[in-house]
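One file, entry_30.cif, carrying mmCIF, C-alpha atoms:
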```cif
data_model
#
loop_
_atom_site.label_atom_id
_atom_site.label_comp_id
_atom_site.auth_asym_id
_atom_site.auth_seq_id
_atom_site.Cartn_x
_atom_site.Cartn_y
_atom_site.Cartn_z
CA ALA A 7 80.53 38.17 148.47
CA GLY A 8 83.81 38.44 150.32
CA GLY A 9 85.32 41.22 148.26
CA HIS A 10 86.61 43.10 151.28
CA SER A 11 88.85 40.09 151.98
CA LEU A 12 89.35 38.93 148.41
CA ILE A 13 90.71 42.19 146.95
CA PRO A 14 93.63 42.46 149.43
CA MET A 15 94.38 38.76 148.90
CA MET A 16 94.48 39.34 145.13
CA LYS A 17 96.81 42.33 145.57
CA LEU A 18 99.20 40.13 147.55
CA ARG A 19 98.86 37.36 144.93
CA LEU A 20 97.47 35.01 147.59
CA ALA A 21 94.34 34.51 145.47
CA GLN A 22 94.08 34.48 141.70
CA PRO A 23 90.48 33.71 140.78
CA SER A 24 89.82 33.10 137.10
CA LEU A 25 86.40 34.73 137.41
CA VAL A 26 84.85 37.24 139.83
CA ILE A 27 81.06 37.71 139.78
CA ASP A 28 79.03 40.47 141.44
CA LEU A 29 76.15 38.84 143.32
CA SER A 30 74.61 42.02 144.71
CA ALA A 31 71.61 41.98 142.35
CA ILE A 32 70.49 38.45 143.29
CA ASP A 33 67.62 39.09 145.69
CA ASP A 34 67.16 35.38 146.49
CA LEU A 35 70.47 35.48 148.37
CA ARG A 36 69.32 38.32 150.61
CA GLY A 37 67.07 38.48 153.65
CA ILE A 38 66.44 37.40 157.22
CA ARG A 39 63.79 34.82 158.01
CA ILE A 40 62.69 33.06 161.18
CA ASP A 41 61.61 29.43 160.81
CA GLY A 42 60.55 28.02 164.19
CA ASP A 43 63.63 28.17 166.40
CA THR A 44 65.99 28.74 163.47
CA ILE A 45 67.19 32.06 162.04
CA ILE A 46 67.99 31.92 158.33
CA ILE A 47 70.12 34.71 156.88
CA GLY A 48 70.88 34.90 153.17
CA ALA A 49 74.53 35.26 152.20
CA MET A 50 74.01 38.65 150.55
CA THR A 51 72.31 40.19 153.58
CA THR A 52 74.36 43.26 154.48
CA GLN A 53 75.73 44.08 157.91
CA HIS A 54 73.53 47.21 157.72
CA GLU A 55 70.42 45.02 157.30
CA ILE A 56 71.48 42.85 160.24
CA ILE A 57 72.03 45.92 162.44
CA HIS A 58 68.58 47.32 161.60
CA SER A 59 66.59 44.07 161.79
CA ALA A 60 63.94 44.34 164.51
CA GLU A 61 63.57 40.54 164.52
CA LEU A 62 67.28 39.94 165.14
CA ALA A 63 67.42 42.69 167.76
CA HIS A 64 64.80 40.79 169.72
CA ILE A 65 65.93 37.15 169.32
CA CYS A 66 69.66 37.29 168.52
CA PRO A 67 71.06 40.73 169.38
CA ILE A 68 74.67 39.52 169.33
CA LEU A 69 74.55 39.50 165.52
CA ALA A 70 73.70 43.20 165.38
CA ASP A 71 76.23 43.93 168.13
CA THR A 72 78.91 42.15 166.11
CA ALA A 73 77.91 43.78 162.83
CA CYS A 74 78.20 47.21 164.50
CA GLN A 75 81.87 46.49 165.21
CA ILE A 76 82.78 45.57 161.65
CA ALA A 77 85.01 48.13 159.91
CA ASP A 78 83.21 51.42 159.21
CA PRO A 79 79.72 52.48 158.04
CA GLN A 80 80.61 52.26 154.34
CA VAL A 81 81.77 48.66 154.71
CA ARG A 82 78.77 47.75 156.86
CA TYR A 83 76.40 49.21 154.28
CA CYS A 84 77.87 47.08 151.44
CA GLY A 85 79.56 44.18 153.23
CA THR A 86 77.53 41.00 153.67
CA ILE A 87 77.34 38.25 156.26
CA GLY A 88 78.25 35.74 153.55
CA GLY A 89 81.27 37.77 152.53
CA ASN A 90 82.42 38.23 156.10
CA ALA A 91 82.15 34.50 156.75
CA ALA A 92 83.11 33.04 153.36
CA ASN A 93 86.88 33.20 153.07
CA GLY A 94 88.12 32.17 156.50
CA ASP A 95 89.75 35.57 156.95
CA PRO A 96 91.02 35.57 160.57
CA GLY A 97 90.55 39.35 160.75
CA ASN A 98 86.79 39.13 160.29
CA ASP A 99 84.50 39.44 163.30
CA MET A 100 81.43 37.42 162.33
CA PRO A 101 82.94 33.90 161.99
CA ALA A 102 83.83 33.62 165.70
CA VAL A 103 80.33 34.69 166.70
CA LEU A 104 78.73 32.29 164.21
CA MET A 105 80.84 29.45 165.61
CA ALA A 106 79.83 30.40 169.16
CA LEU A 107 76.17 30.38 168.10
CA ASN A 108 76.56 26.89 166.59
CA ALA A 109 75.56 28.27 163.20
CA ALA A 110 75.56 26.13 160.08
CA TYR A 111 76.14 27.19 156.49
CA VAL A 112 74.19 25.82 153.55
CA LEU A 113 76.48 25.38 150.55
CA ASN A 114 75.08 24.80 147.06
CA SER A 115 76.49 23.35 143.87
CA ASP A 116 75.19 21.59 140.77
CA GLY A 117 75.54 18.38 142.77
CA GLY A 118 73.13 19.56 145.45
CA GLU A 119 73.18 21.18 148.83
CA ARG A 120 75.07 20.41 152.02
CA GLN A 121 75.02 21.92 155.46
CA VAL A 122 78.31 22.53 157.28
CA ALA A 123 78.63 23.62 160.90
CA ALA A 124 80.53 26.91 161.19
CA ARG A 125 82.97 25.20 163.56
CA GLU A 126 83.80 22.66 160.83
CA TYR A 127 83.77 25.14 157.96
CA TYR A 128 86.89 27.00 159.11
CA GLN A 129 89.99 24.83 158.79
CA GLY A 130 92.61 27.53 159.30
CA ALA A 131 93.40 31.04 158.15
CA TYR A 132 91.89 31.40 154.66
CA PHE A 133 91.09 27.66 154.45
CA THR A 134 87.49 26.44 154.51
CA ALA A 135 85.54 23.21 154.01
CA ARG A 136 84.02 24.50 150.76
CA ASP A 137 85.05 22.40 147.80
CA ASP A 138 85.90 24.05 144.47
CA LYS A 139 82.54 23.19 142.90
CA GLN A 140 80.44 24.65 145.70
CA ASN A 141 79.18 28.16 145.41
CA LYS A 142 80.04 29.65 148.78
CA ASP A 143 78.01 32.71 147.92
CA GLU A 144 74.72 30.84 147.90
CA LYS A 145 75.25 30.27 151.55
CA LYS A 146 72.52 30.66 154.09
CA THR A 147 73.38 30.93 157.73
CA ARG A 148 71.18 28.87 160.02
CA ILE A 149 71.30 29.75 163.70
CA LYS A 150 69.25 28.32 166.55
CA LYS A 151 67.71 31.01 168.73
CA GLN A 152 69.77 31.72 171.83
CA LYS A 153 68.70 32.90 175.28
CA LYS A 154 71.75 34.82 176.47
CA GLN A 155 74.43 36.45 174.35
CA GLU A 156 77.20 38.95 174.79
CA ILE A 157 80.21 40.01 172.76
CA GLN A 158 83.33 41.81 173.86
CA LYS A 159 85.86 42.59 171.19
CA VAL A 160 89.45 42.34 172.39
CA GLU A 161 91.73 44.80 170.69
CA ASN A 162 95.46 44.32 170.29
CA LEU A 163 97.13 46.40 172.93
CA GLU A 164 100.70 47.54 172.50
CA ARG A 165 102.51 48.81 175.56
#
```

Could I get this structure in the form of structure tokens?
Amino acid sequence: AGGHSLIPMMKLRLAQPSLVIDLSAIDDLRGIRIDGDTIIIGAMTTQHEIIHSAELAHICPILADTACQIADPQVRYCGTIGGNAANGDPGNDMPAVLMALNAAYVLNSDGGERQVAAREYYQGAYFTARDDKQNKDEKKTRIKKQKKQEIQKVENLER
């Protein structure tokens, strides 16, 4: 997850991972589930799946509205919520919305699991609260249901 941000960073030599793993075949990291007043979204859930989720359209439409504004259809079909949120890329749309929704991320490692509020996860451009041993791609996004939501994307305007 996060390849759409990671590949450009690797080209610029800003990231040099020793290992890159494709997580797309791990079904346990995919899906949208409602648990009481909490929405749980697996890290490998695509933007396309978020856009077409009837449950999310009803209880948290801002997620689909945001996903519709991400890049182009090809990216939305393959790109995931975990990838969009994982790297702290300031150009990504979903992190700001997840912070506004008071979302939390569940991070896993051999040492266990910890939950980090989205507002605390992002520490600056490309810097996150994930430690090196935590698998950021086993992230679930937990969001409390919201009553009123709206998003307006502000574009850079040059005059």

Item checked: Shell around Ile87 (chain A) at 8 Å using only C-alpha atoms, local window under 6 positions removed, as an MDAnalysis selection string -> chainID A and resid 48:53 100

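Shortest separation to Leu29 (chain A) among A:Met105, A:Thr86, A:Met16, A:Asp95 occurs at residue A:Thr86, atoms counted being all atoms listed in the file.
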
Notebook entry, point to check: What residues come out when you apply the PyMOL selection byres ((chain A and resi 46) around 12) to this file, written as a PyMOL selection string?
Noted result: chain A and resi 35-45+47-51+56+61-62+66+87-88+109-112+145-151

Kindly export the residues of the current selection with C-alpha atoms, as a CSV table (one decimal), in the coordinates of the input.
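Generated output (result04.csv):
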```
chain,number,residue,atom,x,y,z
A,35,LEU,CA,70.5,35.5,148.4
A,36,ARG,CA,69.3,38.3,150.6
A,37,GLY,CA,67.1,38.5,153.6
A,38,ILE,CA,66.4,37.4,157.2
A,39,ARG,CA,63.8,34.8,158.0
A,40,ILE,CA,62.7,33.1,161.2
A,41,ASP,CA,61.6,29.4,160.8
A,42,GLY,CA,60.6,28.0,164.2
A,43,ASP,CA,63.6,28.2,166.4
A,44,THR,CA,66.0,28.7,163.5
A,45,ILE,CA,67.2,32.1,162.0
A,47,ILE,CA,70.1,34.7,156.9
A,48,GLY,CA,70.9,34.9,153.2
A,49,ALA,CA,74.5,35.3,152.2
A,50,MET,CA,74.0,38.6,150.6
A,51,THR,CA,72.3,40.2,153.6
A,56,ILE,CA,71.5,42.8,160.2
A,61,GLU,CA,63.6,40.5,164.5
A,62,LEU,CA,67.3,39.9,165.1
A,66,CYS,CA,69.7,37.3,168.5
A,87,ILE,CA,77.3,38.2,156.3
A,88,GLY,CA,78.2,35.7,153.6
A,109,ALA,CA,75.6,28.3,163.2
A,110,ALA,CA,75.6,26.1,160.1
A,111,TYR,CA,76.1,27.2,156.5
A,112,VAL,CA,74.2,25.8,153.6
A,145,LYS,CA,75.2,30.3,151.6
A,146,LYS,CA,72.5,30.7,154.1
A,147,THR,CA,73.4,30.9,157.7
A,148,ARG,CA,71.2,28.9,160.0
A,149,ILE,CA,71.3,29.8,163.7
A,150,LYS,CA,69.2,28.3,166.6
A,151,LYS,CA,67.7,31.0,168.7
```

Note to self: Report as a VMD selection string all protein, DNA and RNA residues lying within 10 Å of region 24-27 of chain A, evaluated on all atoms listed in the file, omitting residues in the same chain fewer than 3 positions from it.
What the structure shows: chain A and resid 7 9 12 21 30

Quick one: write out the picked residues with C-alpha atoms as a JSON list (two decimals), in the frame of the given file?
```json
[["chain", "number", "residue", "atom", "x", "y", "z"],
["A", 7, "ALA", "CA", 80.53, 38.17, 148.47],
["A", 9, "GLY", "CA", 85.32, 41.22, 148.26],
["A", 12, "LEU", "CA", 89.35, 38.93, 148.41],
["A", 21, "ALA", "CA", 94.34, 34.51, 145.47],
["A", 30, "SER", "CA", 74.61, 42.02, 144.71]]
```

Notebook entry, point to check: Which distance in Å separates CA of Ser59 (chain A) and CA of Thr72 (chain A), to one decimal?
Noted result: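 Taking CA of Ser59 (chain A) and CA of Thr72 (chain A), their separation equals 13.2 Å.
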